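Structure data (mmCIF, C-alpha atoms and all ligand atoms) from start17.cif:
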data_entry
#
loop_
_atom_site.label_atom_id
_atom_site.label_comp_id
_atom_site.auth_asym_id
_atom_site.auth_seq_id
_atom_site.Cartn_x
_atom_site.Cartn_y
_atom_site.Cartn_z
CA MET A 313 99.61 99.23 156.14
CA GLU A 314 97.17 97.82 158.65
CA ALA A 315 96.17 94.18 158.34
CA SER A 316 92.66 95.03 157.20
CA SER A 317 93.93 96.84 154.08
CA ILE A 318 92.31 95.98 150.80
CA ARG A 319 94.96 95.54 148.15
CA VAL A 320 93.94 96.11 144.56
CA GLY A 321 96.39 95.17 141.84
CA ILE A 322 96.36 96.81 138.42
CA LEU A 323 98.00 94.97 135.54
CA GLU A 324 100.30 97.63 134.17
CA ILE A 325 101.25 96.32 130.76
CA GLN A 326 99.39 98.93 128.72
CA GLY A 327 96.12 100.86 128.66
CA GLY A 328 94.53 103.21 131.15
CA PHE A 329 96.05 101.91 134.34
CA SER A 330 96.64 105.34 135.83
CA GLU A 331 93.03 106.33 135.05
CA HIS A 332 91.84 103.15 136.79
CA ARG A 333 94.02 103.99 139.79
CA THR A 334 92.52 107.49 140.04
CA ALA A 335 88.95 106.20 139.61
CA ILE A 336 89.40 103.47 142.23
CA LEU A 337 90.71 106.00 144.75
CA LYS A 338 87.81 108.37 144.03
CA ALA A 339 85.26 105.56 144.27
CA ALA A 340 86.85 104.36 147.51
CA GLU A 341 86.53 107.85 148.90
CA THR A 342 82.81 108.03 148.11
CA LEU A 343 82.34 104.61 149.72
CA GLY A 344 84.30 105.65 152.81
CA MET A 345 86.94 103.01 152.06
CA LYS A 346 89.83 105.23 150.98
CA GLU A 347 91.98 104.62 154.07
CA LYS A 348 91.70 100.89 153.56
CA ILE A 349 92.66 100.76 149.89
CA GLU A 350 96.18 100.13 148.72
CA ILE A 351 96.82 99.99 144.96
CA LEU A 352 99.68 97.88 143.71
CA SER A 353 101.26 97.54 140.27
CA VAL A 354 101.22 94.08 138.74
CA ARG A 355 104.00 93.68 136.17
CA LYS A 356 105.47 90.28 136.85
CA ALA A 357 104.39 86.88 138.19
CA ALA A 358 105.69 87.65 141.68
CA ASP A 359 103.30 90.61 141.91
CA ILE A 360 100.29 88.29 141.70
CA SER A 361 100.17 87.62 145.39
CA PRO A 362 97.45 85.99 147.51
CA ALA A 363 97.48 89.23 149.51
CA LEU A 364 95.70 90.98 146.63
CA SER A 365 91.92 91.16 147.00
CA GLY A 366 91.21 92.60 143.58
CA LEU A 367 92.81 92.84 140.17
CA ILE A 368 92.05 95.13 137.25
CA ILE A 369 93.09 94.16 133.74
CA PRO A 370 92.87 97.38 131.70
CA GLY A 371 92.34 97.86 127.99
CA GLY A 372 95.04 97.93 125.35
CA GLU A 373 95.73 95.29 122.75
CA SER A 374 94.82 91.80 123.84
CA THR A 375 97.34 90.10 121.54
CA THR A 376 100.20 92.24 122.90
CA MET A 377 98.98 91.71 126.43
CA GLY A 378 98.71 87.97 125.89
CA LEU A 379 102.25 87.81 124.52
CA PHE A 380 103.62 89.81 127.43
CA ILE A 381 101.83 87.53 129.89
CA SER A 382 103.09 84.33 128.29
CA ARG A 383 106.66 85.59 127.77
CA ASN A 384 106.82 86.60 131.41
CA ASN A 385 105.30 83.34 132.62
CA MET A 386 102.40 85.10 134.27
CA ALA A 387 99.52 83.08 132.81
CA SER A 388 99.35 80.26 135.34
CA SER A 389 99.79 82.59 138.34
CA LEU A 390 96.99 84.79 137.02
CA GLN A 391 94.74 81.81 136.30
CA GLU A 392 95.30 80.34 139.77
CA TRP A 393 94.72 83.68 141.44
CA ILE A 394 91.50 84.33 139.49
CA GLN A 395 90.12 80.87 140.23
CA ASP A 396 89.96 81.67 143.94
CA GLU A 397 86.47 83.11 144.36
CA LYS A 398 87.62 85.41 147.15
CA HIS A 399 89.67 87.24 144.53
CA ILE A 400 87.76 89.79 142.47
CA THR A 401 88.92 90.42 138.89
CA TRP A 402 87.72 93.08 136.48
CA GLY A 403 88.72 93.26 132.83
CA THR A 404 87.94 96.31 130.71
CA CYS A 405 87.98 96.05 126.91
CA ALA A 406 91.15 94.09 126.04
CA GLY A 407 90.96 92.93 129.69
CA LEU A 408 87.52 91.47 128.95
CA ILE A 409 88.97 89.67 125.91
CA MET A 410 91.77 88.24 128.07
CA LEU A 411 89.22 86.91 130.57
CA ALA A 412 87.00 85.22 127.97
CA ASN A 413 87.27 81.48 127.60
CA GLU A 414 86.78 81.86 123.84
CA THR A 415 87.27 84.58 121.27
CA GLU A 416 86.12 85.11 117.73
CA LYS A 417 88.10 86.96 115.07
CA GLN A 418 91.36 86.35 116.78
CA LYS A 419 94.70 86.37 115.01
CA ILE A 420 95.54 83.37 112.85
CA GLY A 421 97.09 80.80 115.12
CA GLY A 422 95.09 82.03 118.07
CA GLN A 423 96.07 84.29 120.90
CA PRO A 424 96.90 83.49 124.51
CA LEU A 425 94.04 84.21 126.90
CA ILE A 426 93.76 84.02 130.66
CA GLY A 427 90.15 82.81 130.63
CA GLY A 428 87.63 82.53 133.43
CA LEU A 429 84.42 83.84 131.85
CA ASP A 430 82.11 81.40 130.09
CA ILE A 431 81.59 83.67 127.13
CA VAL A 432 82.61 84.04 123.51
CA VAL A 433 83.99 87.51 122.82
CA SER A 434 84.34 89.06 119.41
CA ARG A 435 87.41 91.28 119.20
CA ASN A 436 86.87 94.56 117.36
CA TYR A 437 83.15 93.69 117.21
CA PHE A 438 82.19 97.16 116.04
CA GLY A 439 84.56 97.03 113.11
CA ARG A 440 87.56 99.05 112.14
CA GLN A 441 85.44 101.85 110.73
CA VAL A 442 84.15 102.67 114.19
CA ASN A 443 87.37 102.85 116.11
CA SER A 444 85.96 104.79 118.97
CA PHE A 445 82.54 106.01 120.01
CA GLN A 446 80.53 106.97 123.03
CA GLU A 447 77.11 105.44 123.49
CA LYS A 448 74.49 104.87 126.15
CA VAL A 449 74.80 101.51 127.83
CA LYS A 450 71.68 100.11 129.48
CA ILE A 451 72.31 98.63 132.89
CA MET A 452 70.32 95.40 133.19
CA ASP A 453 70.76 94.71 136.88
CA LYS A 454 69.57 97.86 138.56
CA SER A 455 70.26 96.48 142.02
CA LEU A 456 73.93 96.99 141.22
CA PHE A 457 73.46 100.71 141.14
CA SER A 458 70.98 101.23 143.88
CA GLU A 459 71.92 104.77 144.83
CA ALA A 460 69.07 107.24 144.47
CA ASN A 461 68.83 109.56 141.47
CA ILE A 462 71.18 107.55 139.33
CA PRO A 463 70.06 106.82 135.78
CA ASP A 464 69.98 103.25 134.49
CA HIS A 465 72.06 104.37 131.56
CA PHE A 466 75.79 104.73 131.55
CA GLU A 467 77.79 106.66 128.96
CA GLY A 468 80.08 103.96 127.66
CA VAL A 469 83.36 104.85 125.96
CA PHE A 470 84.18 102.20 123.36
CA ILE A 471 87.63 102.05 121.75
CA ARG A 472 88.04 99.32 119.13
CA ALA A 473 85.78 97.51 121.50
CA PRO A 474 84.88 93.87 121.77
CA ALA A 475 81.39 92.53 122.53
CA VAL A 476 80.13 89.36 124.13
CA VAL A 477 78.57 87.42 121.27
CA LYS A 478 77.65 84.33 123.26
CA VAL A 479 77.20 83.34 126.87
CA THR A 480 78.04 79.66 127.29
CA SER A 481 76.93 79.04 130.86
CA PRO A 482 74.09 80.07 133.19
CA LYS A 483 76.71 81.25 135.67
CA VAL A 484 77.15 84.38 133.59
CA THR A 485 74.93 87.39 134.32
CA THR A 486 74.49 90.13 131.75
CA LEU A 487 75.03 93.45 133.49
CA ALA A 488 74.73 95.83 130.55
CA VAL A 489 73.77 95.97 126.89
CA LEU A 490 74.15 98.61 124.24
CA SER A 491 70.76 100.24 124.07
CA GLN A 492 71.19 102.30 120.93
CA SER A 493 71.77 101.40 117.33
CA CYS A 494 75.52 101.12 117.28
CA SER A 495 75.23 97.82 115.55
CA ASP A 496 72.56 95.73 113.82
CA ASN A 497 71.90 93.91 117.06
CA PRO A 498 70.10 96.17 119.54
CA GLY A 499 70.94 94.02 122.54
CA VAL A 500 74.69 93.64 122.24
CA ILE A 501 76.09 92.42 125.57
CA VAL A 502 78.83 94.73 126.82
CA ALA A 503 79.17 93.87 130.51
CA VAL A 504 78.99 90.55 132.33
CA ARG A 505 79.71 89.01 135.67
CA GLN A 506 80.48 85.42 136.57
CA LYS A 507 80.81 85.11 140.34
CA ASN A 508 84.09 86.87 141.17
CA ILE A 509 84.86 88.03 137.63
CA LEU A 510 83.56 91.23 136.07
CA GLY A 511 84.06 92.20 132.43
CA THR A 512 83.16 95.40 130.57
CA ALA A 513 83.71 96.02 126.86
CA PHE A 514 83.85 99.77 127.49
CA HIS A 515 86.14 102.00 129.54
CA PRO A 516 84.54 103.41 132.72
CA GLU A 517 87.96 104.73 133.77
CA LEU A 518 87.70 107.31 130.97
CA THR A 519 84.50 108.83 132.38
CA GLU A 520 83.69 110.71 135.57
CA ASP A 521 81.00 108.17 136.46
CA LEU A 522 82.40 105.98 139.21
CA ARG A 523 79.62 103.40 139.34
CA TRP A 524 81.62 100.52 137.87
CA HIS A 525 84.62 101.19 140.08
CA SER A 526 82.29 101.39 143.08
CA TYR A 527 80.65 98.14 142.03
CA PHE A 528 84.05 96.45 141.78
CA LEU A 529 85.00 97.71 145.25
CA LYS A 530 81.65 96.51 146.63
CA MET A 531 82.33 93.06 145.15
CA ILE A 532 85.63 93.04 147.03
CA ALA A 533 84.05 94.30 150.26
CA SER A 534 81.27 91.70 150.13
CA VAL A 535 83.79 88.88 149.93
CA GLN A 536 85.85 90.34 152.77
CA VAL A 537 82.97 90.31 155.27
CA ASP A 538 81.78 86.78 154.35
N1 LIG A 601 90.06 95.29 120.32
C1 LIG A 601 91.24 95.41 121.12
C2 LIG A 601 91.92 94.05 121.25
O1 LIG A 601 91.75 93.22 120.48
C3 LIG A 601 90.91 95.96 122.50
C4 LIG A 601 90.78 97.45 122.44
C5 LIG A 601 90.85 98.13 123.78
O2 LIG A 601 91.22 97.57 124.81
N2 LIG A 601 90.54 99.41 123.79
O3 LIG A 601 92.66 93.83 122.13
#
Using the file provided, produce a representation of the structure as structure tokens.
Ligand code: GLN
Amino acid sequence: MEASSIRVGILEIQGGFSEHRTAILKAAETLGMKEKIEILSVRKAADISPALSGLIIPGGESTTMGLFISRNNMASSLQEWIQDEKHITWGTCAGLIMLANETEKQKIGGQPLIGGLDIVVSRNYFGRQVNSFQEKVKIMDKSLFSEANIPDHFEGVFIRAPAVVKVTSPKVTTLAVLSQSCSDNPGVIVAVRQKNILGTAFHPELTEDLRWHSYFLKMIASVQVD
């Protein structure tokens, strides 16, 4: 690989890592970055290398993921890596939970988190009765998706999804809310960004819409040219 390669790691503990891989490659192609992108599996502490520019933490089960991370002594390497603002991290669903500094409705005794986002996340926010649904997500920051002819709604796939119930610092920007009546609260926050960390409660890797993967790649590219 040439020195200018952009290395994106995907935490391959569980969840849609192969779907993320496919979507990243497709998004890279549309952005003309495909030749530069190298995707690497992250399964152990040694895989969390400074040579990675981006990291995706897919969905799954945050308690299982947290246990795997602590049993394999990956937590501090991940935390150190994420703290470097040149490193771009994206958590989807359980990945968002892992990146929250606080969670609600967690297992008795707590659950290990990686942290990084100044938010409180409620696990299984939509309740057990709604295990999975698809719903329009309203994108709040339209500058993120500036391409012409693109709607400001995104079809979000939610699977036992969490939601952001509280933002605890002004550093956090709300990127998307649920616009329809999936819950009593019409403005449920389902995507946030805090500097180099992106979190979505839904699963863009399970749709054909590449906007979130493109956005993640653009975050990486913007840091690279700085
Ligand atoms: N609610 C799940 C958890 O607690 C996350 C579900 C998902 O990632 N699809 O981890």
Given a cut-off of 8 Å, what residues near ligand LIG 601 (chain A) show up using all atoms listed in the file, put as a compact mmCIF listing (two decimals) with C-alpha atoms, keeping the file's coordinate frame?
# COMPACT_ATOMS: atom_id res chain seq x y z
CA GLY A 327 96.12 100.86 128.66
CA PRO A 370 92.87 97.38 131.70
CA GLY A 371 92.34 97.86 127.99
CA GLY A 372 95.04 97.93 125.35
CA GLU A 373 95.73 95.29 122.75
CA SER A 374 94.82 91.80 123.84
CA THR A 375 97.34 90.10 121.54
CA THR A 376 100.20 92.24 122.90
CA MET A 377 98.98 91.71 126.43
CA THR A 404 87.94 96.31 130.71
CA CYS A 405 87.98 96.05 126.91
CA ALA A 406 91.15 94.09 126.04
CA GLY A 407 90.96 92.93 129.69
CA ILE A 409 88.97 89.67 125.91
CA GLN A 418 91.36 86.35 116.78
CA ARG A 435 87.41 91.28 119.20
CA ASN A 436 86.87 94.56 117.36
CA TYR A 437 83.15 93.69 117.21
CA PHE A 470 84.18 102.20 123.36
CA ILE A 471 87.63 102.05 121.75
CA ARG A 472 88.04 99.32 119.13
CA ALA A 473 85.78 97.51 121.50
CA PRO A 474 84.88 93.87 121.77
CA ALA A 513 83.71 96.02 126.86
CA PHE A 514 83.85 99.77 127.49
CA HIS A 515 86.14 102.00 129.54
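The spacing separating CA of Met410 (chain A) from CA of Met386 (chain A) amounts to 12.7 Å.
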May I have the protein, DNA and RNA residues with an atom at most 7 Å from (88.4, 100.8, 139.9), counting only C-alpha atoms in the file's coordinates, returned as number ranges by chain?
A: 332-333, 335-336, 525-526, 528
Per-axis box centre and lengths in Å around region 374-384 of chain A, 4 Å margin per side, axis-aligned, as lines of an AutoDock Vina configuration file:
center_x = 100.8
center_y = 88.3
center_z = 126.5
size_x = 20.0
size_y = 15.9
size_z = 17.9
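Across A:Val432, A:Ala363, A:Leu522, A:Ile381, the tightest approach to Leu323 (chain A) is made by A:Ile381 when counting only C-alpha atoms.
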Write out as a PDB file with C-alpha atoms, keeping the file's coordinate frame the residues lying within 6 Å of region 445-453 of chain A, counting only C-alpha atoms and excluding same-chain residues fewer than 5 positions away.
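around.pdb was written with the following content:
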ATOM      1  CA  ASP A 464      69.980 103.250 134.490  1.00  0.00           C
ATOM      2  CA  HIS A 465      72.060 104.370 131.560  1.00  0.00           C
ATOM      3  CA  PHE A 466      75.790 104.730 131.550  1.00  0.00           C
ATOM      4  CA  GLU A 467      77.790 106.660 128.960  1.00  0.00           C
ATOM      5  CA  GLY A 468      80.080 103.960 127.660  1.00  0.00           C
ATOM      6  CA  VAL A 469      83.360 104.850 125.960  1.00  0.00           C
ATOM      7  CA  PHE A 470      84.180 102.200 123.360  1.00  0.00           C
ATOM      8  CA  LEU A 487      75.030  93.450 133.490  1.00  0.00           C
ATOM      9  CA  ALA A 488      74.730  95.830 130.550  1.00  0.00           C
ATOM     10  CA  VAL A 489      73.770  95.970 126.890  1.00  0.00           C
ATOM     11  CA  LEU A 490      74.150  98.610 124.240  1.00  0.00           C
ATOM     12  CA  SER A 491      70.760 100.240 124.070  1.00  0.00           C
TER      13      SER A 491
END
Work out how far apart CA of Gln506 (chain A) and CA of Ser434 (chain A) are and give it in Å to one decimal.
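Rounded to one decimal, the two atoms are 18.0 Å apart.
From CA of Met345 (chain A) back to CA of Gln395 (chain A), the distance works out to 25.3 Å.
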Which one of A:Ser353, A:Ile400, A:Gly328, A:Asp430 sits closest to Leu529 (chain A) if you count all atoms listed in the file?
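Nearest to Leu529 (chain A): A:Ile400.
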Show which residues sit within 8 Å of Ile532 (chain A), as a ChimeraX atom specification. Count all atoms listed in the file, and ignore same-chain residues fewer than 2 positions away.
/A:365-366,398-400,528-530,534-536
